[in-house]
Structure formats: C-alpha cells, structure tokens
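As provided, coords_5.tsv (TSV, C-alpha atoms) reads as follows.
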chain	number	residue	atom	x	y	z
A	272	MET	CA	0.00	0.00	0.00
A	273	ALA	CA	2.82	2.39	0.80
A	274	HIS	CA	6.47	2.40	-0.14
A	275	ALA	CA	9.18	4.32	1.68
A	276	ALA	CA	10.64	6.04	-1.37
A	277	GLU	CA	9.74	9.73	-1.28
A	278	ALA	CA	7.61	11.50	1.31
A	279	GLY	CA	4.16	12.43	0.03
A	280	THR	CA	3.22	16.09	-0.29
A	281	SER	CA	-0.35	15.75	0.97
A	282	THR	CA	-0.74	16.40	4.70
A	283	THR	CA	-4.53	16.71	4.89
A	284	PRO	CA	-7.45	14.95	3.18
A	285	SER	CA	-8.21	16.15	-0.34
A	286	ALA	CA	-11.57	16.65	-2.03
A	287	ALA	CA	-10.91	14.01	-4.67
A	288	ILE	CA	-13.99	11.88	-4.07
A	289	GLY	CA	-16.77	14.34	-3.38
A	290	SER	CA	-18.59	15.57	-0.31
A	291	ALA	CA	-19.97	13.07	2.20
A	292	GLU	CA	-19.54	9.97	0.05
A	293	PHE	CA	-19.38	7.88	3.21
A	294	ASP	CA	-22.81	9.17	4.27
A	295	ARG	CA	-24.35	8.34	0.91
A	296	ASP	CA	-22.77	4.89	0.75
A	297	THR	CA	-23.81	3.92	4.30
A	298	ALA	CA	-27.37	5.25	4.02
A	299	VAL	CA	-30.30	2.96	4.80
A	300	THR	CA	-33.93	3.38	3.74
A	301	LEU	CA	-36.79	2.28	5.96
A	302	ARG	CA	-38.98	-0.24	4.12
A	303	GLU	CA	-41.19	-1.20	7.05
A	304	PRO	CA	-40.74	-1.17	10.84
A	305	GLY	CA	-37.43	-2.86	11.64
A	306	VAL	CA	-36.51	-3.49	7.99
A	307	TYR	CA	-34.10	-1.29	5.99
A	308	ASP	CA	-32.82	-1.40	2.42
A	309	ALA	CA	-29.16	-0.66	1.68
A	310	GLU	CA	-26.89	-0.64	-1.35
A	311	LEU	CA	-23.37	-1.93	-0.72
A	312	SER	CA	-21.07	0.27	-2.79
A	313	PRO	CA	-18.20	-1.30	-4.78
A	314	GLY	CA	-16.11	1.68	-3.68
A	315	TRP	CA	-15.51	0.11	-0.25
A	316	THR	CA	-14.15	-3.23	-1.43
A	317	ILE	CA	-10.68	-4.63	-0.92
A	318	ILE	CA	-9.54	-7.80	-2.70
A	319	ASN	CA	-13.12	-8.22	-4.01
A	320	ALA	CA	-14.68	-8.27	-0.51
A	321	VAL	CA	-16.64	-5.44	1.09
A	322	ASN	CA	-14.74	-3.95	4.04
A	323	GLY	CA	-16.02	-5.05	7.45
A	324	GLY	CA	-15.86	-1.62	9.06
A	325	TYR	CA	-17.91	-0.10	6.23
A	326	LEU	CA	-20.51	-2.86	6.66
A	327	LEU	CA	-20.60	-2.24	10.41
A	328	ALA	CA	-21.33	1.44	9.76
A	329	ILE	CA	-24.36	0.48	7.65
A	330	LEU	CA	-25.72	-1.73	10.42
A	331	GLY	CA	-24.89	1.01	12.92
A	332	ARG	CA	-26.99	3.53	11.01
A	333	ALA	CA	-29.97	1.17	10.83
A	334	LEU	CA	-29.85	0.59	14.59
A	335	ALA	CA	-29.52	4.34	15.23
A	336	ASP	CA	-32.80	4.80	13.37
A	337	ALA	CA	-34.53	1.84	15.02
A	338	LEU	CA	-33.49	2.59	18.63
A	339	PRO	CA	-34.40	5.65	20.74
A	340	HIS	CA	-30.72	6.59	21.28
A	341	PRO	CA	-28.47	8.02	18.53
A	342	HIS	CA	-24.97	6.65	19.13
A	343	PRO	CA	-23.41	3.17	19.37
A	344	PHE	CA	-21.61	2.73	22.70
A	345	THR	CA	-20.68	-0.90	22.04
A	346	ILE	CA	-21.35	-3.05	19.01
A	347	SER	CA	-20.29	-6.65	18.44
A	348	ALA	CA	-20.45	-8.21	14.99
A	349	HIS	CA	-20.03	-11.77	13.78
A	350	TYR	CA	-19.15	-12.01	10.09
A	351	LEU	CA	-20.91	-15.07	8.72
A	352	SER	CA	-20.24	-14.89	4.97
A	353	ALA	CA	-18.50	-12.54	2.54
A	354	SER	CA	-20.63	-9.58	1.44
A	355	GLN	CA	-20.73	-8.45	-2.19
A	356	PRO	CA	-21.47	-5.03	-3.69
A	357	GLY	CA	-25.14	-4.62	-4.49
A	358	PRO	CA	-28.53	-4.64	-2.73
A	359	ALA	CA	-28.82	-5.72	0.88
A	360	VAL	CA	-31.45	-5.69	3.59
A	361	VAL	CA	-30.93	-4.97	7.30
A	362	ARG	CA	-33.40	-6.46	9.76
A	363	THR	CA	-33.35	-4.97	13.26
A	364	GLU	CA	-34.89	-5.96	16.57
A	365	THR	CA	-35.20	-3.85	19.71
A	366	VAL	CA	-34.10	-5.96	22.67
A	367	ARG	CA	-34.47	-3.43	25.48
A	368	THR	CA	-34.91	0.30	25.94
A	369	GLY	CA	-33.97	2.31	29.00
A	370	ARG	CA	-33.41	5.92	30.00
A	371	THR	CA	-29.70	6.07	29.14
A	372	LEU	CA	-29.10	2.92	27.09
A	373	SER	CA	-31.02	0.87	24.58
A	374	THR	CA	-30.01	-2.47	23.12
A	375	GLY	CA	-30.81	-3.94	19.73
A	376	SER	CA	-29.74	-6.61	17.29
A	377	ALA	CA	-29.43	-6.44	13.53
A	378	ALA	CA	-28.60	-8.72	10.63
A	379	LEU	CA	-27.47	-7.83	7.12
A	380	LEU	CA	-28.65	-10.19	4.37
A	381	GLN	CA	-28.18	-10.51	0.63
A	382	ARG	CA	-29.63	-12.81	-2.01
A	383	ASP	CA	-27.42	-15.44	-3.59
A	384	ALA	CA	-27.42	-16.51	-7.25
A	385	ASP	CA	-30.47	-18.72	-6.61
A	386	GLY	CA	-32.43	-15.89	-5.00
A	387	HIS	CA	-32.12	-17.21	-1.44
A	388	GLU	CA	-31.40	-14.80	1.40
A	389	VAL	CA	-27.98	-15.34	2.95
A	390	GLU	CA	-27.05	-13.74	6.26
A	391	ARG	CA	-23.76	-11.88	6.03
A	392	ILE	CA	-23.39	-10.27	9.47
A	393	ARG	CA	-25.21	-10.37	12.79
A	394	VAL	CA	-24.66	-7.73	15.49
A	395	LEU	CA	-25.73	-6.94	19.04
A	396	ALA	CA	-25.31	-3.34	20.17
A	397	SER	CA	-26.06	-0.92	23.01
A	398	TYR	CA	-26.79	2.71	22.13
A	399	GLY	CA	-26.83	5.94	24.13
A	400	ASP	CA	-26.14	9.63	23.67
A	401	LEU	CA	-22.43	10.48	23.71
A	402	SER	CA	-23.16	14.20	24.06
A	403	THR	CA	-24.59	13.61	27.56
A	404	LEU	CA	-21.53	11.87	29.02
A	405	PRO	CA	-19.55	13.62	31.78
A	406	ASP	CA	-16.14	15.11	30.95
A	407	ASP	CA	-14.27	13.32	33.75
A	408	VAL	CA	-11.43	11.14	32.40
A	409	ARG	CA	-9.09	8.98	34.52
A	410	THR	CA	-6.81	6.90	32.35
A	411	THR	CA	-3.34	5.45	31.99
A	412	ALA	CA	-3.76	5.27	28.19
A	413	ARG	CA	-1.42	7.43	26.14
A	414	PRO	CA	-2.18	8.95	22.72
A	415	VAL	CA	-0.75	7.26	19.65
A	416	GLN	CA	2.57	8.87	18.75
A	417	LEU	CA	3.13	9.42	15.02
A	418	PRO	CA	5.55	11.46	12.91
A	419	PRO	CA	3.93	14.45	11.16
A	420	PRO	CA	1.82	13.42	8.16
A	421	ASP	CA	4.39	14.75	5.68
A	422	GLN	CA	6.88	12.27	7.15
A	423	CYS	CA	4.47	9.33	6.79
A	424	PHE	CA	3.41	7.37	3.73
A	425	GLY	CA	0.08	6.51	2.11
A	426	PRO	CA	-1.28	4.68	-0.92
A	427	GLN	CA	-0.51	7.65	-3.19
A	428	ASP	CA	3.19	7.19	-2.36
A	429	ALA	CA	3.25	3.57	-3.53
A	430	PRO	CA	4.69	2.44	-6.86
A	431	GLU	CA	2.24	1.50	-9.60
A	432	GLN	CA	2.12	-2.13	-8.45
A	433	THR	CA	0.49	-1.76	-5.03
A	434	PRO	CA	1.49	-4.42	-2.44
A	435	ILE	CA	-2.20	-5.19	-1.86
A	436	PRO	CA	-3.78	-6.13	-5.22
A	437	GLY	CA	-7.37	-4.96	-5.50
A	438	SER	CA	-7.13	-2.46	-2.66
A	439	SER	CA	-7.36	0.74	-4.70
A	440	ALA	CA	-11.15	1.14	-4.59
A	441	PHE	CA	-11.10	1.19	-0.80
A	442	THR	CA	-7.95	3.23	-0.26
A	443	GLU	CA	-9.03	5.91	-2.74
A	444	ARG	CA	-11.81	6.79	-0.31
A	445	LEU	CA	-9.45	7.22	2.61
A	446	TRP	CA	-6.68	9.57	3.65
A	447	LEU	CA	-4.00	7.37	5.19
A	448	LYS	CA	-0.51	8.40	6.27
A	449	MET	CA	1.22	5.45	7.89
A	450	ASP	CA	4.12	5.47	10.31
A	451	PRO	CA	7.28	4.40	8.42
A	452	ALA	CA	8.29	2.34	11.47
A	453	THR	CA	5.36	0.00	10.76
A	454	LEU	CA	5.80	-0.29	7.00
A	455	GLY	CA	8.49	-2.96	6.81
A	456	TRP	CA	5.97	-5.31	5.15
A	457	ALA	CA	5.70	-2.91	2.16
A	458	LEU	CA	9.46	-3.16	1.64
A	459	GLY	CA	9.65	-6.92	1.95
A	460	ALA	CA	11.13	-6.68	5.45
A	461	PRO	CA	8.31	-7.07	8.01
A	462	SER	CA	9.33	-6.26	11.57
A	463	GLY	CA	7.58	-9.25	13.14
A	464	LYS	CA	6.09	-6.94	15.80
A	465	GLY	CA	2.47	-6.99	14.62
A	466	GLU	CA	1.94	-3.20	14.78
A	467	ILE	CA	0.41	-0.76	12.29
A	468	ARG	CA	0.01	2.97	13.05
A	469	SER	CA	-1.48	5.65	10.83
A	470	TRP	CA	-3.12	9.02	10.49
A	471	PHE	CA	-6.66	8.43	9.26
A	472	GLY	CA	-9.34	10.47	7.52
A	473	LEU	CA	-11.90	10.29	4.75
A	474	ALA	CA	-10.65	11.45	1.36
A	475	ASP	CA	-13.34	14.12	0.97
A	476	GLY	CA	-12.36	15.74	4.28
A	477	ARG	CA	-15.61	14.86	6.06
A	478	ASP	CA	-15.25	15.25	9.83
A	479	HIS	CA	-15.63	12.15	11.95
A	480	ASP	CA	-18.60	10.86	13.91
A	481	PRO	CA	-19.35	7.56	15.70
A	482	PHE	CA	-20.14	5.83	12.39
A	483	SER	CA	-16.85	6.72	10.72
A	484	LEU	CA	-15.12	5.46	13.88
A	485	LEU	CA	-16.66	2.06	13.13
A	486	LEU	CA	-14.83	2.24	9.80
A	487	ALA	CA	-11.57	3.54	11.28
A	488	VAL	CA	-10.94	0.50	13.50
A	489	ASP	CA	-10.95	-1.80	10.45
A	490	ALA	CA	-9.38	0.37	7.75
A	491	LEU	CA	-5.62	-0.15	8.10
A	492	PRO	CA	-3.58	-2.95	6.51
A	493	PRO	CA	-3.69	-6.12	8.62
A	494	THR	CA	-1.10	-6.47	11.35
A	495	ALA	CA	-0.49	-9.93	9.87
A	496	PHE	CA	1.56	-8.19	7.16
A	497	GLU	CA	4.08	-7.00	9.76
A	498	LEU	CA	4.17	-10.58	11.07
A	499	GLY	CA	5.38	-11.69	7.65
A	500	LEU	CA	2.08	-13.12	6.37
A	501	LYS	CA	0.37	-12.31	3.08
A	502	GLY	CA	-3.12	-12.44	1.65
A	503	TRP	CA	-6.63	-11.79	2.89
A	504	VAL	CA	-7.22	-11.70	6.67
A	505	PRO	CA	-11.01	-12.10	7.06
A	506	THR	CA	-12.67	-10.93	10.26
A	507	VAL	CA	-14.54	-13.54	12.29
A	508	GLU	CA	-15.75	-11.24	15.10
A	509	LEU	CA	-15.33	-7.52	15.79
A	510	THR	CA	-16.32	-5.59	18.91
A	511	VAL	CA	-16.08	-1.79	18.96
A	512	HIS	CA	-16.45	0.57	21.92
A	513	ILE	CA	-17.20	4.21	21.04
A	514	ARG	CA	-15.99	6.37	23.93
A	515	ALA	CA	-16.62	9.96	22.84
A	516	LEU	CA	-17.72	12.19	19.98
A	517	PRO	CA	-14.52	12.89	18.02
A	518	ALA	CA	-13.19	16.42	17.65
A	519	PRO	CA	-12.80	17.81	14.11
A	520	GLY	CA	-9.59	16.88	12.34
A	521	PRO	CA	-7.64	13.72	11.53
A	522	LEU	CA	-7.58	10.65	13.71
A	523	ARG	CA	-4.61	8.58	14.83
A	524	VAL	CA	-5.09	4.81	14.75
A	525	ALA	CA	-2.89	2.08	16.22
A	526	ILE	CA	-3.54	-1.63	15.72
A	527	THR	CA	-1.55	-4.36	17.46
A	528	THR	CA	-1.47	-8.14	17.53
A	529	ARG	CA	0.20	-10.07	20.34
A	530	ASN	CA	-0.85	-13.63	19.62
A	531	LEU	CA	-1.09	-15.60	16.38
A	532	ALA	CA	-2.00	-19.22	17.08
A	533	GLY	CA	-3.86	-21.94	15.25
A	534	GLY	CA	-4.32	-19.76	12.20
A	535	PHE	CA	-6.17	-17.02	14.12
A	536	LEU	CA	-4.99	-13.68	15.52
A	537	GLU	CA	-6.48	-10.85	17.53
A	538	GLU	CA	-6.22	-7.20	16.55
A	539	ASP	CA	-6.59	-4.49	19.19
A	540	ALA	CA	-7.22	-0.99	17.88
A	541	GLU	CA	-7.13	2.43	19.54
A	542	VAL	CA	-8.43	5.57	17.84
A	543	TRP	CA	-7.40	9.01	19.12
A	544	ASP	CA	-8.81	12.33	17.95
A	545	SER	CA	-7.17	15.72	17.41
A	546	ALA	CA	-7.89	16.67	21.04
A	547	ASP	CA	-5.82	13.69	22.30
A	548	ARG	CA	-8.89	11.78	23.46
A	549	LEU	CA	-9.33	8.03	23.11
A	550	VAL	CA	-12.56	8.01	21.11
A	551	ALA	CA	-12.79	4.35	20.05
A	552	GLN	CA	-11.36	0.96	20.96
A	553	SER	CA	-11.86	-2.41	19.32
A	554	ARG	CA	-10.81	-6.03	19.34
A	555	GLN	CA	-11.34	-8.46	16.53
A	556	LEU	CA	-10.58	-12.10	15.89
A	557	ALA	CA	-9.37	-12.76	12.35
A	558	ARG	CA	-8.27	-15.76	10.35
A	559	ALA	CA	-4.71	-15.58	9.05
A	560	LYS	CA	-3.41	-17.40	6.01
A	561	LEU	CA	-0.21	-19.10	7.11
A	562	ASN	CA	2.57	-19.02	4.52

Rewritten as structure tokens:
Amino acid sequence: MAHAAEAGTSTTPSAAIGSAEFDRDTAVTLREPGVYDAELSPGWTIINAVNGGYLLAILGRALADALPHPHPFTISAHYLSASQPGPAVVRTETVRTGRTLSTGSAALLQRDADGHEVERIRVLASYGDLSTLPDDVRTTARPVQLPPPDQCFGPQDAPEQTPIPGSSAFTERLWLKMDPATLGWALGAPSGKGEIRSWFGLADGRDHDPFSLLLAVDALPPTAFELGLKGWVPTVELTVHIRALPAPGPLRVAITTRNLAGGFLEEDAEVWDSADRLVAQSRQLARAKLN
C-alpha cells in the first residue's frame, strides 16, 4: 500500500472523491418497521470483498434509526459470509430500551445466485447519547505517537504495483498516512512486531462521527503483514467501543497483535482524535493465512 521512497506532499485529506460519500454509501432506507434497504457500494471493497468496518457502519446507522438513542456505545459483529457489492437488507430488533441505554440486534442479508437470502453479518449493540456523558477522564492510556503526516506514507506514495492487489477502490476513499516504522511489510522486510500505526481520515475531508469510527478501527492494513504473512485476513468477530464524539480533524489509529495461534490472531485498535482523546477501541478475531 505504501512504499518508503519519497515523502508524500499531501498532509490533509483532499476533495478528490466528493462531499460526504461515506454518508451516501452507508445510508439505509426504511422499508417497514425494523426493515431497511441498503446498497453496498463497490467503492468500499478490498480484494473483491466489502470492508467489514464499512458494513458495520451500515448496520450502525440502521440501529440508530430503530433505537431511541443516537450513538453506538458498544457493538459486536459476527461475520458469517462474505458480502458483495449490491442490494442488501438490514433487519433490526429492539431488545431493550432504557433511559440512558437501549439495546438492539441487527442482521445484514443478501440474495445469492439462486435468489435465497444469505445472512452476512449479525450484530448486538447498546446505544446511548455520547453528548450527555460527563467530561471526567481517569486513564493510563497514552495517545498514539506518530511522525507528522508529511513524514508518513500513504497509498498515493506507492509504486504502480500496489502491495495489496485490489485495494485501490477502498484506499481511494481514505486519507492514510502510515508510520514508516510499521511499513516494513511494504518493503519486503516485516518487523515481526504486529503493529500498524497511521493518520486516518476520509478522502473528501468529512469530519468524523461515531459511524466513521466504526470504519476507522478496520481500515488499516492487517497487522499480519508485519508478522510476515500475506493475503486476505477475514474478520470472524469484531467488537467496537465508542468512547466519545470525536473532535474535528484527523484521527490517529494504532492496531496491534500479540498472539497468532492456530491460524487465528487478535487485533486491538485504539483511535485518538485531534484533542488527544481516546474516542474508540476495538478487538477483533481474524483468520490468518499461514505461509
């Protein structure tokens, strides 16, 4: 995706894609109570599969409409089969509603070649209102440390033959500037540390909200690349905690893996905003293709 040859000149997202493309491509339309229609855009695919964070944002929007609270606080998704660009339906169910939190479930389905509905993802989520949370923070967490964006590298800095075939549709919609210290995989010399760090934004400059945070935790190259592995790393399960409404400006994302065993690895992500606040955390279990 990136190649440490020359530093890129872009330090902020550009307007190359058009305003609020993410909003248009994650929109859902109410068909009947609890049932929403969606169109999975081919623009969010990587290696012919629709990105899991993008799919989670679609489900997140449907639940935000179905539940009495606006923001996901925690959302856990199980990825059951690979989604394809095209029509989809989201079916939601309200599990419980309360004064500060409401809980719901949702499933995203598509029709196969024979016209049968196939479930792609199932989620369980609790929603609240992030704007009502107190400001008190007591933490030992430290913000992700990155070089300035003009000292980092993104897809636009890569040679013509990108190290991730088929990734261009997805990466064209993002503004990524990755820490050179975590780009050994792009040079054929992975560090073996299982760490990827990057500045993150949407290519059209849209400011972030809880739904783009659902994308951010699953948008970087897999940590498996820095472990020396290649190929697709499909998500089995992904849980995201949204901790605060993000401040305007770029995000900083760090993803780490400590344990690869039995062909599966975990990825822990932290997302920090421009005000040095930890605004999202996630953990996912993914299947790794062993070389």

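Distance check against Arg370 of chain A using only C-alpha atoms: of A:Ile392, A:Ala540, A:His340, A:Pro356, the minimum falls on A:His340.
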
Subject >> segment 373-376 of chain A environment, 12 Å, only C-alpha atoms, sequence neighbours closer than 6 positions dropped, as a ChimeraX atom specification >> reply: /A:305-306,330-331,333-349,361-367,392-400

Original post:
Which residues, protein or nucleic acid, reach to within 10 Å of (-18.7, 17.0, 5.8) in the file's coordinates when using all atoms listed in the file, and can you give that as a PyMOL selection string?
Top reply: chain A and resi 289-294+473+475-479

For Val542 of chain A, list every protein, DNA or RNA residue within 7 Å, evaluated using only C-alpha atoms, and leave out those in the same chain fewer than 5 positions away; present the list as a short mmCIF file (atom, residue, chain, number, x, y, z; two decimals) with C-alpha atoms, in the coordinates of the input.
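Okay, selection_38.cif is ready:
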data_model
loop_
_atom_site.label_atom_id
_atom_site.label_comp_id
_atom_site.auth_asym_id
_atom_site.auth_seq_id
_atom_site.Cartn_x
_atom_site.Cartn_y
_atom_site.Cartn_z
CA LEU A 522 -7.58 10.65 13.71
CA ARG A 523 -4.61 8.58 14.83
CA VAL A 524 -5.09 4.81 14.75
CA ALA A 525 -2.89 2.08 16.22
CA LEU A 549 -9.33 8.03 23.11
CA VAL A 550 -12.56 8.01 21.11
CA ALA A 551 -12.79 4.35 20.05
CA GLN A 552 -11.36 0.96 20.96
#

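Nearest residue to Leu536 of chain A among A:Leu561, A:Ala490, A:Ala384, A:Ala515 is A:Leu561, counting only C-alpha atoms.
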
Original post:
Can you list, as a VMD selection string, every protein, DNA or RNA residue that comes within 12 Å of Phe441 of chain A when you count all atoms listed in the file, leaving out same-chain residues fewer than 6 positions away?
Top reply: chain A and resid 272 288 293 312 to 325 426 435 447 473 to 474 486 489 to 492

**OP:** Dump as a list in words all residues having an atom at most 10 Å from (0.5, -9.7, 5.6), computed in the file's coordinates with all atoms listed in the file.
**Re:** Pro434, Ile435, Trp456, Ala457, Pro461, Gly465, Pro492, Pro493, Thr494, Ala495, Phe496, Glu497, Leu498, Gly499, Leu500, Lys501, Gly502, Trp503, Val504, Ala559, Lys560, Leu561 and Asn562 of chain A

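The closest residue to Val507 of chain A, picked from A:Gly369, A:Gly455, A:Gly534, A:Pro304 and counting only C-alpha atoms, is A:Gly534.
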
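Note that the spacing between atom CA of Glu541 of chain A and atom CA of Ala412 of chain A amounts to 9.7 Å.
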
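Rounded to one decimal, atom CA of Lys464 of chain A and atom CA of Glu538 of chain A lie 12.3 Å from each other.
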
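Checking A:Thr510, A:Gln422, A:Thr297, A:Thr411 one by one against Ala359 of chain A, counting only C-alpha atoms, you find the shortest gap at A:Thr297.
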